[in-house]
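Below: run-v2.txt (compact mmCIF, C-alpha atoms and all ligand atoms)
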# COMPACT_ATOMS: atom_id res chain seq x y z
CA THR W 1 -117.44 -58.69 -83.28
CA ILE W 2 -116.97 -59.22 -79.56
CA ILE W 3 -114.62 -62.00 -78.54
CA ASN W 4 -116.20 -63.65 -75.50
CA GLU W 5 -114.56 -64.97 -72.40
CA PRO W 6 -114.62 -68.80 -72.34
CA LYS W 7 -117.71 -70.23 -70.63
CA ARG W 8 -115.54 -72.21 -68.28
CA VAL W 9 -112.03 -71.92 -66.98
CA PHE W 10 -109.99 -74.86 -65.80
CA ARG W 11 -107.01 -73.80 -63.74
CA ASP W 12 -105.22 -75.36 -60.79
CA ASP W 13 -107.77 -78.17 -60.47
CA HIS W 14 -110.63 -75.70 -60.35
CA LEU W 15 -113.64 -76.04 -62.62
CA GLY W 16 -116.84 -74.31 -61.58
CA GLY W 17 -120.45 -73.69 -62.50
CA GLU W 18 -123.54 -75.65 -63.45
CA GLY W 19 -123.05 -79.27 -64.47
CA VAL W 20 -119.93 -79.64 -62.37
CA ASP W 21 -119.86 -82.58 -60.00
CA LYS W 22 -117.30 -83.20 -57.28
CA SER W 23 -116.88 -86.58 -55.66
CA ILE W 24 -114.39 -87.57 -53.02
CA ARG W 25 -113.09 -91.01 -52.11
CA LYS W 26 -111.81 -91.66 -48.62
CA LEU W 27 -110.01 -94.77 -47.43
CA LYS W 28 -113.30 -96.08 -45.97
CA ASP W 29 -114.80 -95.98 -49.50
CA LEU W 30 -111.98 -98.20 -50.80
CA ARG W 31 -112.33 -101.17 -48.47
CA GLY W 32 -111.20 -104.38 -50.16
CA ILE W 33 -109.16 -102.88 -52.97
CA PHE W 34 -105.78 -102.96 -51.19
CA LYS W 35 -104.05 -106.25 -50.50
CA ASP W 36 -102.79 -105.54 -46.98
CA GLU W 37 -105.99 -105.58 -44.91
CA ARG W 38 -104.17 -105.21 -41.61
CA ALA W 39 -102.35 -102.06 -42.79
CA PHE W 40 -105.70 -100.77 -44.07
CA GLU W 41 -107.41 -101.29 -40.69
CA ASN W 42 -104.61 -99.43 -38.91
CA MET W 43 -105.11 -96.29 -40.99
CA ASP W 44 -107.59 -93.46 -40.45
CA PRO W 45 -110.71 -94.36 -42.50
CA GLU W 46 -111.32 -90.64 -43.07
CA THR W 47 -108.03 -90.26 -45.01
CA LEU W 48 -108.73 -88.56 -48.33
CA VAL W 49 -107.40 -90.71 -51.18
CA TYR W 50 -108.72 -88.99 -54.31
CA GLU W 51 -111.27 -86.60 -55.66
CA VAL W 52 -112.84 -86.21 -59.08
CA ILE W 53 -114.20 -82.94 -60.43
CA SER W 54 -116.28 -83.64 -63.53
CA TYR W 55 -118.00 -81.41 -66.03
CA LEU W 56 -121.08 -83.33 -67.17
CA PRO W 57 -122.83 -81.04 -69.67
CA VAL W 58 -125.46 -83.61 -70.70
CA LYS W 59 -127.45 -86.26 -68.82
CA GLU W 60 -125.57 -89.49 -68.02
CA GLY W 61 -126.35 -92.01 -70.73
CA THR W 62 -126.79 -89.47 -73.52
CA GLN W 63 -125.46 -90.78 -76.83
CA GLY W 64 -123.00 -88.56 -78.65
CA GLY W 65 -122.07 -86.44 -75.64
CA VAL W 66 -118.70 -86.12 -74.04
CA TYR W 67 -117.58 -85.63 -70.44
CA PHE W 68 -114.48 -84.07 -68.91
CA GLY W 69 -113.06 -84.73 -65.46
CA VAL W 70 -109.98 -84.08 -63.39
CA THR W 71 -108.90 -86.67 -60.84
CA SER W 72 -106.47 -85.76 -58.07
CA ILE W 73 -104.92 -88.60 -56.07
CA PHE W 74 -103.11 -87.81 -52.83
CA PRO W 75 -99.70 -89.34 -52.17
CA GLY W 76 -99.70 -92.33 -49.85
CA SER W 77 -99.85 -96.08 -49.66
CA VAL W 78 -101.48 -98.96 -47.81
CA GLY W 79 -98.80 -101.47 -46.83
CA GLY W 80 -96.60 -100.32 -49.74
CA GLU W 81 -99.43 -100.37 -52.30
CA TYR W 82 -99.83 -96.88 -53.69
CA PHE W 83 -103.02 -94.87 -53.26
CA MET W 84 -105.08 -95.56 -56.36
CA THR W 85 -108.51 -95.23 -57.90
CA LYS W 86 -111.10 -98.01 -57.57
CA GLY W 87 -110.75 -98.81 -61.26
CA HIS W 88 -113.49 -99.87 -63.64
CA PHE W 89 -114.58 -101.16 -66.99
CA HIS W 90 -117.11 -98.90 -68.64
CA ALA W 91 -120.70 -100.15 -68.30
CA MET W 92 -120.94 -99.83 -72.09
CA ILE W 93 -117.81 -101.90 -72.28
CA ASP W 94 -116.64 -100.81 -75.74
CA ARG W 95 -116.47 -97.11 -74.78
CA THR W 96 -113.04 -95.48 -75.02
CA GLU W 97 -111.37 -92.71 -73.06
CA PHE W 98 -108.47 -90.24 -73.07
CA TYR W 99 -106.32 -89.51 -70.00
CA TRP W 100 -103.55 -86.95 -69.76
CA GLY W 101 -101.20 -86.07 -66.95
CA ILE W 102 -101.33 -82.60 -65.40
CA LYS W 103 -99.09 -82.81 -62.35
CA GLY W 104 -97.26 -85.34 -60.24
CA GLU W 105 -96.17 -88.86 -61.09
CA GLY W 106 -98.16 -92.01 -61.41
CA VAL W 107 -98.98 -95.14 -63.34
CA LEU W 108 -102.04 -95.96 -65.42
CA ILE W 109 -102.82 -99.66 -64.99
CA LEU W 110 -104.82 -101.31 -67.75
CA MET W 111 -106.43 -104.74 -67.93
CA ASP W 112 -108.33 -106.41 -70.76
CA GLU W 113 -111.15 -108.94 -70.44
CA GLN W 114 -108.64 -111.81 -70.54
CA ARG W 115 -107.11 -110.20 -67.40
CA ARG W 116 -103.89 -109.28 -69.23
CA VAL W 117 -102.37 -106.28 -67.45
CA TRP W 118 -100.08 -103.57 -68.77
CA ALA W 119 -99.21 -100.08 -67.57
CA GLU W 120 -98.09 -96.63 -68.69
CA LYS W 121 -96.20 -93.94 -66.77
CA MET W 122 -98.09 -90.73 -66.09
CA PHE W 123 -96.43 -87.33 -65.69
CA PRO W 124 -97.27 -83.73 -66.66
CA GLY W 125 -98.06 -83.86 -70.38
CA SER W 126 -98.28 -87.66 -70.68
CA PHE W 127 -101.13 -88.71 -72.95
CA HIS W 128 -103.06 -91.98 -72.85
CA TYR W 129 -105.67 -93.61 -75.05
CA ILE W 130 -107.74 -96.24 -73.25
CA PRO W 131 -109.31 -98.61 -75.79
CA GLY W 132 -112.75 -100.10 -75.28
CA ARG W 133 -113.05 -103.32 -73.25
CA VAL W 134 -110.09 -102.28 -71.06
CA ALA W 135 -110.37 -101.64 -67.32
CA HIS W 136 -108.40 -98.67 -66.02
CA ARG W 137 -107.00 -97.58 -62.68
CA VAL W 138 -104.41 -94.96 -61.70
CA ALA W 139 -101.92 -95.07 -58.82
CA ASN W 140 -99.96 -92.13 -57.43
CA THR W 141 -96.33 -93.26 -57.21
CA GLY W 142 -94.93 -89.86 -56.25
CA LYS W 143 -94.58 -87.79 -53.09
CA GLU W 144 -96.93 -85.07 -54.33
CA LEU W 145 -100.49 -84.83 -55.55
CA LEU W 146 -101.07 -86.61 -58.88
CA SER W 147 -103.56 -84.85 -61.07
CA PHE W 148 -104.78 -85.97 -64.48
CA ALA W 149 -107.58 -85.05 -66.85
CA ALA W 150 -109.92 -87.49 -68.58
CA SER W 151 -112.51 -87.31 -71.32
CA TRP W 152 -115.03 -90.06 -72.00
CA PRO W 153 -118.38 -90.53 -73.76
CA SER W 154 -121.48 -89.58 -71.78
CA ASP W 155 -123.02 -93.02 -72.39
CA ALA W 156 -119.97 -94.97 -71.10
CA GLY W 157 -121.08 -95.39 -67.48
CA HIS W 158 -119.02 -97.27 -64.89
CA ASN W 159 -118.91 -100.95 -64.02
CA TYR W 160 -117.19 -101.16 -60.63
CA GLU W 161 -118.54 -104.61 -59.71
CA GLU W 162 -116.13 -106.67 -61.80
CA ILE W 163 -113.07 -104.97 -60.26
CA ALA W 164 -114.61 -104.99 -56.76
CA ARG W 165 -115.10 -108.76 -57.11
CA ASN W 166 -111.91 -109.89 -58.85
CA GLY W 167 -109.55 -106.90 -58.72
CA PHE W 168 -106.80 -106.35 -61.25
CA ALA W 169 -104.49 -109.29 -62.04
CA LYS W 170 -101.47 -107.22 -60.89
CA ARG W 171 -100.79 -104.70 -58.13
CA LEU W 172 -98.48 -101.70 -58.07
CA ILE W 173 -96.26 -101.97 -55.01
CA ASP W 174 -93.35 -99.91 -53.73
CA ILE W 175 -90.41 -102.32 -53.45
CA ASN W 176 -87.36 -100.57 -51.97
CA GLY W 177 -88.52 -97.27 -53.47
CA VAL W 178 -89.25 -98.72 -56.93
CA ALA W 179 -92.79 -98.97 -58.30
CA SER W 180 -93.21 -102.61 -59.31
CA LEU W 181 -96.18 -104.23 -61.06
CA ILE W 182 -96.48 -107.70 -59.55
C1 LIG H 201 -114.33 -92.21 -66.02
C2 LIG H 201 -112.86 -91.94 -65.87
C3 LIG H 201 -112.39 -91.19 -64.62
C4 LIG H 201 -112.47 -92.01 -63.33
C5 LIG H 201 -111.76 -91.35 -62.15
C6 LIG H 201 -111.92 -92.09 -60.82
O1 LIG H 201 -114.67 -93.15 -66.74
O2 LIG H 201 -115.18 -91.47 -65.45
O3 LIG H 201 -112.15 -93.10 -66.07
O4 LIG H 201 -113.11 -89.99 -64.46
O5 LIG H 201 -113.82 -92.26 -63.01
O6 LIG H 201 -110.41 -91.24 -62.42
O7 LIG H 201 -111.66 -93.46 -60.95
P1 LIG H 201 -112.75 -94.54 -60.51
O8 LIG H 201 -114.01 -94.16 -61.27
O9 LIG H 201 -112.21 -95.85 -60.94
O10 LIG H 201 -112.96 -94.39 -59.05
NI NI H 202 -113.29 -94.59 -67.32
Conversion result in C-alpha cells:
Amino acid sequence: TIINEPKRVFRDDHLGGEGVDKSIRKLKDLRGIFKDERAFENMDPETLVYEVISYLPVKEGTQGGVYFGVTSIFPGSVGGEYFMTKGHFHAMIDRTEFYWGIKGEGVLILMDEQRRVWAEKMFPGSFHYIPGRVAHRVANTGKELLSFAASWPSDAGHNYEEIARNGFAKRLIDINGVASLI
C-alpha cells in the first residue's frame, strides 16, 4: 500500500492551498486598543502588527468542525504597551480553544465575564487551554517575532465588540524592561 504525502505541510509559518485564509492587522486596524493614544498617533499607521494564516476546511459556523491557525505578532510597542492581538470572546461564548507557542516570547492574557484577568507565559512548546466564556489576547513581549498555533471549533465565531468597547481589565506594559500586567 502506498504511503501518501500529507495533504498539507505546515513549516516556518507557511500553510498553503485551498481553504487557507491570510489576514493581516496593521496599526491602523487597531485604533483604540492601546492606552497611549498620542504614541499611537505618532506611529506609522501602516506598521504591520500581526498576521493570521488559518486553515478553514469547512464553512464558518459548521457544527462539529475544527479550525487551525497560526498567528505571528511582530515585536514592538505603543507607548510601552506591547504589540498584541485585538482579543475576543467567541461569538458562541462557551466555545473553547487550544493555543501553543511556536517561536518567540509572549503572554496570553485571559479575562472571564466578571472581568477577572490572568495570564500565561508563551514560548516555543508552551501549551494553553482556553476555557469557554473567556476572552483571549496575546502580546509579544520579546524582541523577535512571536508565533503561535491555535485550534478552535468552526462554530465558535468571534465577538470583537465587547473588547472594542470595554477592553481588558488589565494591560501588559513594559516597565523598566519587565512585562507587567497592570
Ligand atoms: C480564534 C483564535 C485566533 C485569533 C488570532 C488573532 O478564535 O480564531 O483565537 O486565531 O483569532 O490569534 O487574534 P484576534 O482574532 O483577537 O485578532
Ligand atoms: Ni479565539
Just the residues within 12 Å of Gly125 (chain W), please, counting all atoms listed in the file, with nothing from its chain fewer than 4 positions along; format it as a list in words.
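So, after excluding close chain neighbours, the residues are Tyr99, Trp100, Gly101, Ile102, Lys103, Gly104, Glu105, Lys121, Ser147, Phe148 and Ala149 of chain W.
Considering only C-alpha atoms and all ligand atoms, every residue of the polymer chains approaching ligand LIG 201 (chain H) to 7 Å or closer is listed here: Val52, Gly69, Val70, Thr71, Thr85, Lys86, Gly87, His88, His90, His136, Arg137, Ala150, Trp152, Gly157 and His158 of chain W.
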Report as a count of residues only all protein, DNA and RNA residues lying within 6 Å of region 18-22 of chain W, evaluated on all atoms listed in the file, omitting residues in the same chain fewer than 3 positions from it.
6
Looking at all atoms listed in the file, which of W:Ile73, W:Leu108, W:Ala169, W:Leu15 is the one that sits closest to ligand NI 202 (chain H)?
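Ranking W:Ile73, W:Leu108, W:Ala169, W:Leu15 by distance to ligand NI 202 (chain H), first place goes to W:Leu108.
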What is the distance between CA of Phe34 (chain W) and CA of Met122 (chain W), in Å to one decimal?
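Result for CA of Phe34 (chain W) versus CA of Met122 (chain W): 20.8 Å, one decimal.
Comparing the minimum interatomic distances between Phe40 (chain W) and each of W:Gly106, W:Gly132, W:Gly80, W:Gly142, counting all atoms listed in the file, we find that W:Gly80 sits nearest.
Here the question is which of W:Gly76, W:Gly32, W:Gly65, W:Pro45 gets nearest to Ala156 (chain W) using all atoms listed in the file, and that residue is W:Gly65.
What separates CA of Leu181 (chain W) from CA of Trp118 (chain W) is a distance of 8.7 Å.
Picture a line from CA of Glu41 (chain W) to CA of Asn166 (chain W); it runs 20.6 Å.
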Would you mind listing what lies within 9 Å of Val66 (chain W) as a list in words, with all atoms listed in the file counted and same-chain residues fewer than 3 positions away left out?
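Answer for this query is Leu56, Pro57, Val58, Thr62, Gln63, Ser151, Trp152, Pro153, Ser154 and Asp155 of chain W.
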Written file, previous selection with C-alpha atoms, as an mmCIF file, in the coordinates of the input:
data_model
loop_
_atom_site.group_PDB
_atom_site.id
_atom_site.type_symbol
_atom_site.label_atom_id
_atom_site.label_comp_id
_atom_site.auth_asym_id
_atom_site.auth_seq_id
_atom_site.Cartn_x
_atom_site.Cartn_y
_atom_site.Cartn_z
ATOM 1 C CA LEU W 56 -121.080 -83.330 -67.170
ATOM 2 C CA PRO W 57 -122.830 -81.040 -69.670
ATOM 3 C CA VAL W 58 -125.460 -83.610 -70.700
ATOM 4 C CA THR W 62 -126.790 -89.470 -73.520
ATOM 5 C CA GLN W 63 -125.460 -90.780 -76.830
ATOM 6 C CA SER W 151 -112.510 -87.310 -71.320
ATOM 7 C CA TRP W 152 -115.030 -90.060 -72.000
ATOM 8 C CA PRO W 153 -118.380 -90.530 -73.760
ATOM 9 C CA SER W 154 -121.480 -89.580 -71.780
ATOM 10 C CA ASP W 155 -123.020 -93.020 -72.390
#
Neighbouring residues of Arg165 (chain W) were defined as those with any atom within 10 Å, considering all atoms listed in the file; residues of the same chain fewer than 4 positions away were excluded. Please report them as a VMD selection string.
chain W and resid 32 to 33 160 to 161
For Asn42 (chain W): contacts at 12 Å, all atoms listed in the file, fewer than 3 positions along chain excluded, given as a ChimeraX atom specification:
/W:27-28,36-39,45-47,78-79
Write region 99-124 of chain W as a CSV table (one decimal), in the coordinates of the input, completed to N, CA and C atoms.
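For reference, selection-v1.csv as written:
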chain,number,residue,atom,x,y,z
W,99,TYR,N,-106.9,-90.0,-71.3
W,99,TYR,CA,-106.3,-89.5,-70.0
W,99,TYR,C,-105.1,-88.7,-70.4
W,100,TRP,N,-104.8,-87.6,-69.6
W,100,TRP,CA,-103.6,-87.0,-69.8
W,100,TRP,C,-103.1,-86.4,-68.4
W,101,GLY,N,-101.8,-86.5,-68.2
W,101,GLY,CA,-101.2,-86.1,-67.0
W,101,GLY,C,-101.1,-84.6,-66.8
W,102,ILE,N,-101.4,-84.0,-65.6
W,102,ILE,CA,-101.3,-82.6,-65.4
W,102,ILE,C,-100.2,-82.3,-64.4
W,103,LYS,N,-100.2,-83.0,-63.3
W,103,LYS,CA,-99.1,-82.8,-62.4
W,103,LYS,C,-98.8,-84.1,-61.5
W,104,GLY,N,-97.6,-84.2,-61.0
W,104,GLY,CA,-97.3,-85.3,-60.2
W,104,GLY,C,-96.9,-86.5,-61.1
W,105,GLU,N,-96.6,-87.6,-60.4
W,105,GLU,CA,-96.2,-88.9,-61.1
W,105,GLU,C,-97.0,-90.0,-60.7
W,106,GLY,N,-97.3,-90.8,-61.7
W,106,GLY,CA,-98.2,-92.0,-61.4
W,106,GLY,C,-98.1,-93.1,-62.5
W,107,VAL,N,-98.9,-94.0,-62.4
W,107,VAL,CA,-99.0,-95.1,-63.3
W,107,VAL,C,-100.4,-95.4,-63.7
W,108,LEU,N,-100.7,-95.5,-64.9
W,108,LEU,CA,-102.0,-96.0,-65.4
W,108,LEU,C,-102.0,-97.5,-65.6
W,109,ILE,N,-102.8,-98.2,-64.9
W,109,ILE,CA,-102.8,-99.7,-65.0
W,109,ILE,C,-104.0,-100.1,-65.8
W,110,LEU,N,-103.8,-100.9,-66.8
W,110,LEU,CA,-104.8,-101.3,-67.8
W,110,LEU,C,-105.0,-102.8,-67.7
W,111,MET,N,-106.2,-103.3,-67.9
W,111,MET,CA,-106.4,-104.7,-67.9
W,111,MET,C,-107.6,-105.1,-68.9
W,112,ASP,N,-107.3,-106.0,-69.8
W,112,ASP,CA,-108.3,-106.4,-70.8
W,112,ASP,C,-109.2,-107.5,-70.2
W,113,GLU,N,-110.2,-108.0,-71.0
W,113,GLU,CA,-111.2,-108.9,-70.4
W,113,GLU,C,-110.5,-110.3,-70.2
W,114,GLN,N,-109.4,-110.6,-70.8
W,114,GLN,CA,-108.6,-111.8,-70.5
W,114,GLN,C,-107.7,-111.7,-69.3
W,115,ARG,N,-107.9,-110.5,-68.6
W,115,ARG,CA,-107.1,-110.2,-67.4
W,115,ARG,C,-105.6,-110.0,-67.7
W,116,ARG,N,-105.3,-109.7,-68.9
W,116,ARG,CA,-103.9,-109.3,-69.2
W,116,ARG,C,-103.7,-107.8,-68.8
W,117,VAL,N,-102.6,-107.6,-68.0
W,117,VAL,CA,-102.4,-106.3,-67.4
W,117,VAL,C,-101.1,-105.6,-68.1
W,118,TRP,N,-101.2,-104.3,-68.4
W,118,TRP,CA,-100.1,-103.6,-68.8
W,118,TRP,C,-100.2,-102.2,-68.1
W,119,ALA,N,-99.2,-101.3,-68.3
W,119,ALA,CA,-99.2,-100.1,-67.6
W,119,ALA,C,-98.4,-99.0,-68.3
W,120,GLU,N,-98.8,-97.8,-68.1
W,120,GLU,CA,-98.1,-96.6,-68.7
W,120,GLU,C,-97.8,-95.6,-67.6
W,121,LYS,N,-96.6,-95.0,-67.7
W,121,LYS,CA,-96.2,-93.9,-66.8
W,121,LYS,C,-97.0,-92.7,-67.0
W,122,MET,N,-97.4,-92.0,-66.0
W,122,MET,CA,-98.1,-90.7,-66.1
W,122,MET,C,-97.2,-89.6,-65.5
W,123,PHE,N,-97.2,-88.5,-66.2
W,123,PHE,CA,-96.4,-87.3,-65.7
W,123,PHE,C,-97.0,-86.1,-66.4
W,124,PRO,N,-96.7,-84.9,-66.0
W,124,PRO,CA,-97.3,-83.7,-66.7
W,124,PRO,C,-97.1,-83.8,-68.2
